Amino acid sequence: MIGAPAYRLGERLLTIDNVCVRYDRPILDGVNGHIDNIRREGLQQGQVVCLLGPSGIGKSQLFRCIAGLQRPHSGSVRLNGAGRDVQPGEVGVVAQDYPLFNHRSVWSNLMLAARRHGRDAHEAADACLALLKKFGLSDCGLRHPMMLSGGQRQRVAIAQQLLCSSHFLLMDEPFSGLDPLSKTAVCNTLIDVSTSHELNTLIVVTHDIESALRIADQLWLLGRQRDAHGEPVGGASIQETYDLAAMGLAWDPDIESRPQFVELAAALKARFATL
Amino acid sequence: MNVANLLRPFTPMGVGWARAIVAVQVAAALALWSLSGCRTLPNPAQIGAAWLDLVRHQDLLAELWTSVKVSLLALALSTLAAVALACLSTAPLFMPLARLAAALRFLGFAGLTYVFMLVSGDAIVLRVAILAFGMTVFMATALLADLAALPRGRVDHCRTLGMQHWRITGELVLLGKADVILDLARQNAAIGWTLLTLVEGLTRSAGGIGALLLNQNRYFLLPGVFAIQATILAVGLAQDALLAWIKDLACPWGALDKESTST
């Protein structure tokens, strides 16, 4: 096994404490998790957590709770050790359809987000220009979102959320329906985002185990407990976490060529069936 | 292009072909109309003569201008009222009010005109009020249906950008639906012209092209009736083209949206 890159854990960035959501039946039942700041010498190393789970298990509900868009019926989600629940707007959200305002140009979409943190127009414009350049969208500013390709639209949606959130970005199924080359491009974009600021923290909801293993330093498996007959009972919770950083499987550009990658991917697929 | 393709649904067609088809069909219709010898319907020459007579002796253009002013004023008021109702409907307290306004589209004008007459006291105000009412209820219905189809994700997206309450309404309804509002205004303008004869018939003394039409109809002056109908049709189509142009100018994304969903 190749030696794990050196790192240490710093302050707590996000705490999910016993989150429960129930409607006519329990959806989420005692979800717990936390994300700590990962420090690597000489690098700006952000955090990437991938949340894996079968369809209909409650990923979207947890997604909305972490984004502050929905209050859990009990429990809490807190950022940066704050004494209050997360508020809408503190966590950037990139939904599966890459929401943007179609009635605004790309530039206007970004400026709308950039003006949020009390930036004046000049500062906001500088921030937008920097992100357009970073994401290779410099010539797209005057276009409307309908004129963008899927990949461009995704990058604009990420840029918009980065401009207004406080380093947290939630992404829902960013690899859905993509060909292998496009998946690699999205993986590279997400790695790029996560390494552009020490505190940047991505939480990616996905079914795509291979892509998750390529970008994540932690995996959370969301599922339900099973009774003696193997039937699912109660709401969903984090059934298992994989600390890929500790396992030496994080931040490796050639991870797919390593036997551990293949073994873990196979193990996760098998585990998926029991979630 | 193979001529047989003209009978096949969804066959792509060039602009030249489209124009040629329209030209041939219009020419054929006019020829059929002129040569049919039908005594019930006036022929194009009779209608043209009647139109000139109406312009020269019955102030057709002045009456038209009177009606255009009423129609435009009612269109503006109804658009404002319907948009206000749509915006208010995003707050739970006002949703019943908006739904009630939309439900009023089933009401006829009988009885209502008497109430409007008592309230307005002036013929032009009465016309504008009735027209605006008639148009508002239809536009509110369409706008509410459009808002009902707004995915929750759109509201969530606004919230992730730190927007709250009425700011979200402003972004999603006023700005986001501007193209829909202008499209509905075009439909409303057409509804307005169809209601105009009815409304102007209530107060014929105040003039208007609708009153003129009713007078011609009363004495079975069919060439005059058709001449006025043709005038209303031409003005309506011109107004529609103008509103479409304004919409394309103000909301260029509307056309992009259609292109992307049409593929």
# chains A, B, ... in the order shown; residues from 1 in each chain; ligands from 1
>>> interface_residues(of="chain A", to="chain B", cutoff="8 Å", atoms="only C-alpha atoms", output="count of residues only")
22
>>> residues_around(residues="segment 127-135 of chain B", least_positions_apart="5", cutoff="7 Å", atoms="only C-alpha atoms", output="PDB file with all heavy atoms, in the first residue's frame")
ATOM      1  N   VAL B  70     -59.269  52.867 -25.545  1.00  0.00           N
ATOM      2  CA  VAL B  70     -59.959  52.088 -24.510  1.00  0.00           C
ATOM      3  C   VAL B  70     -59.296  50.718 -24.359  1.00  0.00           C
ATOM      4  O   VAL B  70     -59.015  50.251 -23.247  1.00  0.00           O
ATOM      5  CB  VAL B  70     -61.456  51.919 -24.882  1.00  0.00           C
ATOM      6  CG1 VAL B  70     -62.125  50.882 -23.989  1.00  0.00           C
ATOM      7  CG2 VAL B  70     -62.173  53.246 -24.756  1.00  0.00           C
ATOM      8  N   LEU B  73     -55.780  51.005 -22.708  1.00  0.00           N
ATOM      9  CA  LEU B  73     -55.896  51.350 -21.283  1.00  0.00           C
ATOM     10  C   LEU B  73     -56.355  50.123 -20.481  1.00  0.00           C
ATOM     11  O   LEU B  73     -55.800  49.804 -19.413  1.00  0.00           O
ATOM     12  CB  LEU B  73     -56.883  52.510 -21.115  1.00  0.00           C
ATOM     13  CG  LEU B  73     -56.884  53.229 -19.779  1.00  0.00           C
ATOM     14  CD1 LEU B  73     -55.483  53.726 -19.429  1.00  0.00           C
ATOM     15  CD2 LEU B  73     -57.848  54.409 -19.803  1.00  0.00           C
ATOM     16  N   ALA B  74     -57.359  49.435 -21.021  1.00  0.00           N
ATOM     17  CA  ALA B  74     -57.870  48.239 -20.327  1.00  0.00           C
ATOM     18  C   ALA B  74     -56.797  47.151 -20.274  1.00  0.00           C
ATOM     19  O   ALA B  74     -56.649  46.449 -19.267  1.00  0.00           O
ATOM     20  CB  ALA B  74     -59.110  47.717 -21.048  1.00  0.00           C
ATOM     21  N   LEU B  75     -56.021  47.045 -21.359  1.00  0.00           N
ATOM     22  CA  LEU B  75     -54.950  46.035 -21.397  1.00  0.00           C
ATOM     23  C   LEU B  75     -53.908  46.326 -20.321  1.00  0.00           C
ATOM     24  O   LEU B  75     -53.480  45.425 -19.590  1.00  0.00           O
ATOM     25  CB  LEU B  75     -54.294  46.033 -22.784  1.00  0.00           C
ATOM     26  CG  LEU B  75     -53.156  45.037 -22.996  1.00  0.00           C
ATOM     27  CD1 LEU B  75     -53.661  43.609 -22.880  1.00  0.00           C
ATOM     28  CD2 LEU B  75     -52.509  45.246 -24.363  1.00  0.00           C
ATOM     29  N   LEU B  77     -54.305  48.115 -17.567  1.00  0.00           N
ATOM     30  CA  LEU B  77     -54.873  47.925 -16.218  1.00  0.00           C
ATOM     31  C   LEU B  77     -55.029  46.451 -15.875  1.00  0.00           C
ATOM     32  O   LEU B  77     -54.709  46.022 -14.761  1.00  0.00           O
ATOM     33  CB  LEU B  77     -56.235  48.621 -16.126  1.00  0.00           C
ATOM     34  CG  LEU B  77     -56.198  50.146 -16.052  1.00  0.00           C
ATOM     35  CD1 LEU B  77     -57.617  50.708 -16.084  1.00  0.00           C
ATOM     36  CD2 LEU B  77     -55.493  50.608 -14.769  1.00  0.00           C
ATOM     37  N   SER B  78     -55.511  45.675 -16.845  1.00  0.00           N
ATOM     38  CA  SER B  78     -55.731  44.255 -16.559  1.00  0.00           C
ATOM     39  C   SER B  78     -54.403  43.534 -16.340  1.00  0.00           C
ATOM     40  O   SER B  78     -54.305  42.641 -15.492  1.00  0.00           O
ATOM     41  CB  SER B  78     -56.520  43.585 -17.687  1.00  0.00           C
ATOM     42  OG  SER B  78     -55.778  43.616 -18.883  1.00  0.00           O
ATOM     43  N   ASN B 188     -54.515  38.609 -24.122  1.00  0.00           N
ATOM     44  CA  ASN B 188     -55.496  39.497 -23.520  1.00  0.00           C
ATOM     45  C   ASN B 188     -55.938  40.577 -24.479  1.00  0.00           C
ATOM     46  O   ASN B 188     -57.106  40.975 -24.489  1.00  0.00           O
ATOM     47  CB  ASN B 188     -54.883  40.158 -22.273  1.00  0.00           C
ATOM     48  CG  ASN B 188     -55.570  39.706 -21.037  1.00  0.00           C
ATOM     49  OD1 ASN B 188     -56.415  38.823 -21.098  1.00  0.00           O
ATOM     50  ND2 ASN B 188     -55.221  40.297 -19.920  1.00  0.00           N
ATOM     51  N   ILE B 191     -58.458  39.089 -26.625  1.00  0.00           N
ATOM     52  CA  ILE B 191     -59.734  38.957 -25.889  1.00  0.00           C
ATOM     53  C   ILE B 191     -60.417  40.320 -25.807  1.00  0.00           C
ATOM     54  O   ILE B 191     -61.635  40.451 -25.965  1.00  0.00           O
ATOM     55  CB  ILE B 191     -59.480  38.386 -24.477  1.00  0.00           C
ATOM     56  CG1 ILE B 191     -59.020  36.929 -24.570  1.00  0.00           C
ATOM     57  CG2 ILE B 191     -60.725  38.485 -23.609  1.00  0.00           C
ATOM     58  CD1 ILE B 191     -58.571  36.340 -23.233  1.00  0.00           C
ATOM     59  N   GLY B 192     -59.617  41.348 -25.579  1.00  0.00           N
ATOM     60  CA  GLY B 192     -60.148  42.710 -25.474  1.00  0.00           C
ATOM     61  C   GLY B 192     -60.891  43.126 -26.728  1.00  0.00           C
ATOM     62  O   GLY B 192     -61.983  43.679 -26.655  1.00  0.00           O
ATOM     63  N   LEU B 195     -64.230  41.471 -26.923  1.00  0.00           N
ATOM     64  CA  LEU B 195     -65.206  41.990 -25.959  1.00  0.00           C
ATOM     65  C   LEU B 195     -65.630  43.427 -26.284  1.00  0.00           C
ATOM     66  O   LEU B 195     -66.641  43.917 -25.772  1.00  0.00           O
ATOM     67  CB  LEU B 195     -64.606  41.982 -24.543  1.00  0.00           C
ATOM     68  CG  LEU B 195     -64.337  40.627 -23.890  1.00  0.00           C
ATOM     69  CD1 LEU B 195     -63.674  40.809 -22.538  1.00  0.00           C
ATOM     70  CD2 LEU B 195     -65.640  39.851 -23.728  1.00  0.00           C
ATOM     71  N   VAL B 199     -68.924  45.716 -25.122  1.00  0.00           N
ATOM     72  CA  VAL B 199     -68.760  46.804 -24.171  1.00  0.00           C
ATOM     73  C   VAL B 199     -69.204  48.135 -24.778  1.00  0.00           C
ATOM     74  O   VAL B 199     -69.897  48.928 -24.131  1.00  0.00           O
ATOM     75  CB  VAL B 199     -67.277  46.877 -23.728  1.00  0.00           C
ATOM     76  CG1 VAL B 199     -67.008  48.139 -22.945  1.00  0.00           C
ATOM     77  CG2 VAL B 199     -66.932  45.664 -22.904  1.00  0.00           C
ATOM     78  N   GLU B 200     -68.838  48.351 -26.034  1.00  0.00           N
ATOM     79  CA  GLU B 200     -69.217  49.624 -26.656  1.00  0.00           C
ATOM     80  C   GLU B 200     -70.708  49.672 -26.976  1.00  0.00           C
ATOM     81  O   GLU B 200     -71.289  50.755 -27.104  1.00  0.00           O
ATOM     82  CB  GLU B 200     -68.383  49.850 -27.918  1.00  0.00           C
ATOM     83  CG  GLU B 200     -66.929  50.162 -27.564  1.00  0.00           C
ATOM     84  CD  GLU B 200     -66.076  50.564 -28.751  1.00  0.00           C
ATOM     85  OE1 GLU B 200     -66.487  50.342 -29.908  1.00  0.00           O
ATOM     86  OE2 GLU B 200     -64.972  51.083 -28.510  1.00  0.00           O
TER      87      GLU B 200
END
>>> residues_around(residues="Tyr98 of chain A", least_positions_apart="4", cutoff="7 Å", atoms="only C-alpha atoms", output="ChimeraX atom specification")
/A:94,153-154,157
>>> write_last_selection(atoms="N, CA and C atoms", output="compact mmCIF listing (two decimals), in the first residue's frame")
# COMPACT_ATOMS: atom_id res chain seq x y z
N VAL A 94 -26.02 23.16 -5.40
CA VAL A 94 -26.11 22.98 -6.85
C VAL A 94 -26.97 21.76 -7.10
N ARG A 153 -23.03 25.21 -17.99
CA ARG A 153 -24.11 25.57 -17.07
C ARG A 153 -23.79 25.09 -15.65
N GLN A 154 -23.26 23.87 -15.55
CA GLN A 154 -22.90 23.34 -14.24
C GLN A 154 -21.82 24.21 -13.59
N ALA A 157 -23.32 27.41 -12.38
CA ALA A 157 -24.11 27.18 -11.17
C ALA A 157 -23.20 27.03 -9.95
>>> atom_distance(atom1="atom CA of Pro26 of chain A", atom2="atom CA of Ser55 of chain A")
15.8 Å
>>> closest_residue(among="B:Asn215, B:Ser71, B:Ser36, B:Thr79", to="Leu54 of chain B", atoms="only C-alpha atoms")
B:Asn215
>>> residues_around(residues="Leu212 of chain B", least_positions_apart="3", cutoff="10 Å", atoms="only C-alpha atoms", output="ChimeraX atom specification")
/B:54,58-60,63-64,197,200-201,204,207-209,215-218,224-225,228
>>> residues_around(residues="Arg258 of chain A", least_positions_apart="2", cutoff="12 Å", atoms="only C-alpha atoms", output="list in words")
Met1, Ile2, Leu213, Arg214, Gly248, Leu249, Ala250, Asp252, Pro253, Asp254, Ile255, Glu256, Gln260, Phe261, Val262, Glu263, Leu264 and Ala265 of chain A
>>> write_last_selection(atoms="N, CA and C atoms", output="mmCIF file, in the first residue's frame")
data_model
loop_
_atom_site.group_PDB
_atom_site.id
_atom_site.type_symbol
_atom_site.label_atom_id
_atom_site.label_comp_id
_atom_site.auth_asym_id
_atom_site.auth_seq_id
_atom_site.Cartn_x
_atom_site.Cartn_y
_atom_site.Cartn_z
ATOM 1 N N MET A 1 0.849 -1.198 0.000
ATOM 2 C CA MET A 1 0.000 0.000 0.000
ATOM 3 C C MET A 1 0.883 1.246 0.000
ATOM 4 N N ILE A 2 0.522 2.191 -0.851
ATOM 5 C CA ILE A 2 1.269 3.442 -0.926
ATOM 6 C C ILE A 2 1.008 4.224 0.352
ATOM 7 N N LEU A 213 -15.254 7.849 -5.242
ATOM 8 C CA LEU A 213 -13.936 7.441 -4.728
ATOM 9 C C LEU A 213 -12.809 8.301 -5.311
ATOM 10 N N ARG A 214 -13.028 8.841 -6.493
ATOM 11 C CA ARG A 214 -11.985 9.658 -7.120
ATOM 12 C C ARG A 214 -11.842 11.015 -6.442
ATOM 13 N N GLY A 248 -5.606 6.165 3.092
ATOM 14 C CA GLY A 248 -4.606 6.428 2.054
ATOM 15 C C GLY A 248 -5.190 6.424 0.656
ATOM 16 N N LEU A 249 -6.509 6.601 0.554
ATOM 17 C CA LEU A 249 -7.161 6.557 -0.758
ATOM 18 C C LEU A 249 -7.677 7.916 -1.216
ATOM 19 N N ALA A 250 -7.272 8.969 -0.523
ATOM 20 C CA ALA A 250 -7.727 10.306 -0.933
ATOM 21 C C ALA A 250 -6.592 11.037 -1.642
ATOM 22 N N ASP A 252 -5.367 11.112 -4.576
ATOM 23 C CA ASP A 252 -4.447 10.413 -5.467
ATOM 24 C C ASP A 252 -4.996 10.494 -6.892
ATOM 25 N N PRO A 253 -4.325 11.230 -7.798
ATOM 26 C CA PRO A 253 -4.847 11.370 -9.159
ATOM 27 C C PRO A 253 -4.904 10.037 -9.909
ATOM 28 N N ASP A 254 -4.102 9.073 -9.477
ATOM 29 C CA ASP A 254 -4.093 7.774 -10.179
ATOM 30 C C ASP A 254 -4.798 6.700 -9.370
ATOM 31 N N ILE A 255 -5.725 7.103 -8.557
ATOM 32 C CA ILE A 255 -6.346 6.147 -7.634
ATOM 33 C C ILE A 255 -6.994 4.965 -8.356
ATOM 34 N N GLU A 256 -7.504 5.225 -9.577
ATOM 35 C CA GLU A 256 -8.216 4.141 -10.282
ATOM 36 C C GLU A 256 -7.298 2.977 -10.654
ATOM 37 N N GLN A 260 -6.625 -1.291 -4.391
ATOM 38 C CA GLN A 260 -7.531 -0.954 -3.281
ATOM 39 C C GLN A 260 -8.788 -0.234 -3.763
ATOM 40 N N PHE A 261 -8.602 0.551 -4.808
ATOM 41 C CA PHE A 261 -9.741 1.278 -5.384
ATOM 42 C C PHE A 261 -10.769 0.285 -5.910
ATOM 43 N N VAL A 262 -10.260 -0.671 -6.683
ATOM 44 C CA VAL A 262 -11.154 -1.663 -7.290
ATOM 45 C C VAL A 262 -11.849 -2.482 -6.203
ATOM 46 N N GLU A 263 -11.068 -2.878 -5.192
ATOM 47 C CA GLU A 263 -11.643 -3.691 -4.103
ATOM 48 C C GLU A 263 -12.714 -2.910 -3.339
ATOM 49 N N LEU A 264 -12.390 -1.661 -3.031
ATOM 50 C CA LEU A 264 -13.349 -0.873 -2.261
ATOM 51 C C LEU A 264 -14.613 -0.591 -3.073
ATOM 52 N N ALA A 265 -14.430 -0.302 -4.364
ATOM 53 C CA ALA A 265 -15.602 -0.054 -5.220
ATOM 54 C C ALA A 265 -16.505 -1.285 -5.230
#
>>> residues_around(residues="His167 of chain A", least_positions_apart="5", cutoff="10 Å", atoms="only C-alpha atoms", output="list in words")
Leu13, Gly46, Glu90, Val91, Gly92, Gln161, Leu162, Val193, Ser194, His197, Glu198, Leu199, Asn200, Thr201 and Leu202 of chain A
>>> write_last_selection(atoms="all heavy atoms", output="compact mmCIF listing (two decimals), in the first residue's frame")
# COMPACT_ATOMS: atom_id res chain seq x y z
N LEU A 13 -15.94 21.87 11.10
CA LEU A 13 -16.60 22.77 10.15
C LEU A 13 -18.11 22.54 10.09
O LEU A 13 -18.86 23.50 9.94
CB LEU A 13 -16.02 22.57 8.74
CG LEU A 13 -14.52 22.84 8.59
CD1 LEU A 13 -14.07 22.52 7.18
CD2 LEU A 13 -14.21 24.30 8.92
N GLY A 46 -9.17 21.49 0.74
CA GLY A 46 -10.55 21.52 1.21
C GLY A 46 -11.02 20.12 1.55
O GLY A 46 -10.24 19.16 1.57
N GLU A 90 -26.29 29.93 3.66
CA GLU A 90 -24.95 29.70 4.22
C GLU A 90 -24.24 28.55 3.50
O GLU A 90 -23.01 28.50 3.48
CB GLU A 90 -25.04 29.42 5.72
CG GLU A 90 -25.43 30.64 6.52
CD GLU A 90 -25.50 30.38 8.01
OE1 GLU A 90 -25.83 29.24 8.41
OE2 GLU A 90 -25.24 31.30 8.77
N VAL A 91 -25.03 27.66 2.98
CA VAL A 91 -24.47 26.52 2.24
C VAL A 91 -24.91 26.64 0.78
O VAL A 91 -26.11 26.74 0.50
CB VAL A 91 -24.98 25.18 2.83
CG1 VAL A 91 -24.54 24.00 1.99
CG2 VAL A 91 -24.48 25.02 4.25
N GLY A 92 -23.96 26.66 -0.11
CA GLY A 92 -24.30 26.72 -1.53
C GLY A 92 -24.91 25.39 -1.97
O GLY A 92 -24.53 24.34 -1.47
N GLN A 161 -22.93 29.69 -6.65
CA GLN A 161 -23.08 29.28 -5.26
C GLN A 161 -21.81 29.56 -4.46
O GLN A 161 -21.87 29.92 -3.28
CB GLN A 161 -23.45 27.80 -5.17
CG GLN A 161 -24.81 27.47 -5.77
CD GLN A 161 -25.96 28.11 -5.01
OE1 GLN A 161 -25.91 28.28 -3.80
NE2 GLN A 161 -27.00 28.52 -5.73
N LEU A 162 -20.66 29.44 -5.11
CA LEU A 162 -19.41 29.75 -4.41
C LEU A 162 -19.35 31.23 -4.04
O LEU A 162 -18.78 31.60 -3.01
CB LEU A 162 -18.20 29.40 -5.29
CG LEU A 162 -17.86 27.92 -5.41
CD1 LEU A 162 -16.72 27.73 -6.40
CD2 LEU A 162 -17.47 27.34 -4.06
N VAL A 193 -12.24 23.02 -7.14
CA VAL A 193 -12.98 23.86 -6.19
C VAL A 193 -12.53 23.56 -4.76
O VAL A 193 -12.28 24.47 -3.96
CB VAL A 193 -14.51 23.62 -6.32
CG1 VAL A 193 -15.27 24.27 -5.17
CG2 VAL A 193 -15.02 24.15 -7.66
N SER A 194 -12.40 22.27 -4.46
CA SER A 194 -12.07 21.90 -3.08
C SER A 194 -10.65 22.34 -2.69
O SER A 194 -10.37 22.54 -1.51
CB SER A 194 -12.23 20.39 -2.87
OG SER A 194 -11.17 19.70 -3.48
N HIS A 197 -9.50 26.70 -1.71
CA HIS A 197 -9.52 27.39 -0.41
C HIS A 197 -9.49 26.33 0.69
O HIS A 197 -10.16 25.30 0.57
CB HIS A 197 -10.76 28.26 -0.27
CG HIS A 197 -10.68 29.23 0.87
ND1 HIS A 197 -10.87 28.86 2.19
CD2 HIS A 197 -10.42 30.56 0.89
CE1 HIS A 197 -10.73 29.93 2.96
NE2 HIS A 197 -10.46 30.98 2.21
N GLU A 198 -8.74 26.62 1.71
CA GLU A 198 -8.58 25.69 2.83
C GLU A 198 -9.92 25.25 3.42
O GLU A 198 -10.11 24.10 3.82
CB GLU A 198 -7.73 26.39 3.91
CG GLU A 198 -7.52 25.63 5.19
CD GLU A 198 -6.73 24.34 4.97
OE1 GLU A 198 -5.84 24.32 4.11
OE2 GLU A 198 -7.03 23.36 5.68
N LEU A 199 -10.89 26.18 3.45
CA LEU A 199 -12.16 25.88 4.12
C LEU A 199 -13.25 25.38 3.16
O LEU A 199 -14.35 25.06 3.61
CB LEU A 199 -12.67 27.13 4.85
CG LEU A 199 -11.79 27.61 6.02
CD1 LEU A 199 -12.34 28.90 6.60
CD2 LEU A 199 -11.69 26.53 7.10
N ASN A 200 -12.95 25.37 1.88
CA ASN A 200 -13.98 24.89 0.94
C ASN A 200 -14.35 23.45 1.26
O ASN A 200 -13.49 22.57 1.37
CB ASN A 200 -13.47 24.99 -0.50
CG ASN A 200 -13.66 26.39 -1.07
OD1 ASN A 200 -14.13 27.29 -0.37
ND2 ASN A 200 -13.27 26.59 -2.31
N THR A 201 -15.64 23.23 1.41
CA THR A 201 -16.14 21.92 1.82
C THR A 201 -17.27 21.50 0.90
O THR A 201 -18.28 22.20 0.80
CB THR A 201 -16.66 21.97 3.28
OG1 THR A 201 -15.59 22.42 4.11
CG2 THR A 201 -17.17 20.63 3.74
N LEU A 202 -17.07 20.40 0.21
CA LEU A 202 -18.08 19.91 -0.73
C LEU A 202 -18.77 18.67 -0.15
O LEU A 202 -18.09 17.77 0.35
CB LEU A 202 -17.42 19.51 -2.06
CG LEU A 202 -17.22 20.61 -3.11
CD1 LEU A 202 -16.28 21.68 -2.62
CD2 LEU A 202 -16.70 19.99 -4.40
>>> select_by_dssp(residues="segment 7-65 of chain A", states="alpha helix (DSSP H)", output="PyMOL selection string")
chain A and resi 59-65
>>> write_last_selection(atoms="N, CA, C and O atoms", output="tab-separated table (two decimals), in the first residue's frame")
chain	number	residue	atom	x	y	z
A	59	LYS	N	-31.95	10.90	0.82
A	59	LYS	CA	-30.80	11.76	0.56
A	59	LYS	C	-31.24	13.21	0.32
A	59	LYS	O	-30.61	14.15	0.82
A	60	SER	N	-32.32	13.37	-0.41
A	60	SER	CA	-32.77	14.73	-0.70
A	60	SER	C	-33.21	15.46	0.57
A	60	SER	O	-32.99	16.67	0.71
A	61	GLN	N	-33.85	14.73	1.47
A	61	GLN	CA	-34.28	15.35	2.73
A	61	GLN	C	-33.07	15.80	3.54
A	61	GLN	O	-33.04	16.91	4.08
A	62	LEU	N	-32.05	14.93	3.60
A	62	LEU	CA	-30.84	15.29	4.33
A	62	LEU	C	-30.14	16.46	3.64
A	62	LEU	O	-29.65	17.38	4.30
A	63	PHE	N	-30.14	16.42	2.33
A	63	PHE	CA	-29.58	17.50	1.51
A	63	PHE	C	-30.23	18.83	1.87
A	63	PHE	O	-29.56	19.84	2.12
A	64	ARG	N	-31.56	18.84	1.94
A	64	ARG	CA	-32.28	20.08	2.26
A	64	ARG	C	-32.01	20.52	3.69
A	64	ARG	O	-31.94	21.72	3.97
A	65	CYS	N	-31.87	19.55	4.60
A	65	CYS	CA	-31.58	19.91	5.99
A	65	CYS	C	-30.19	20.55	6.10
A	65	CYS	O	-30.01	21.55	6.80
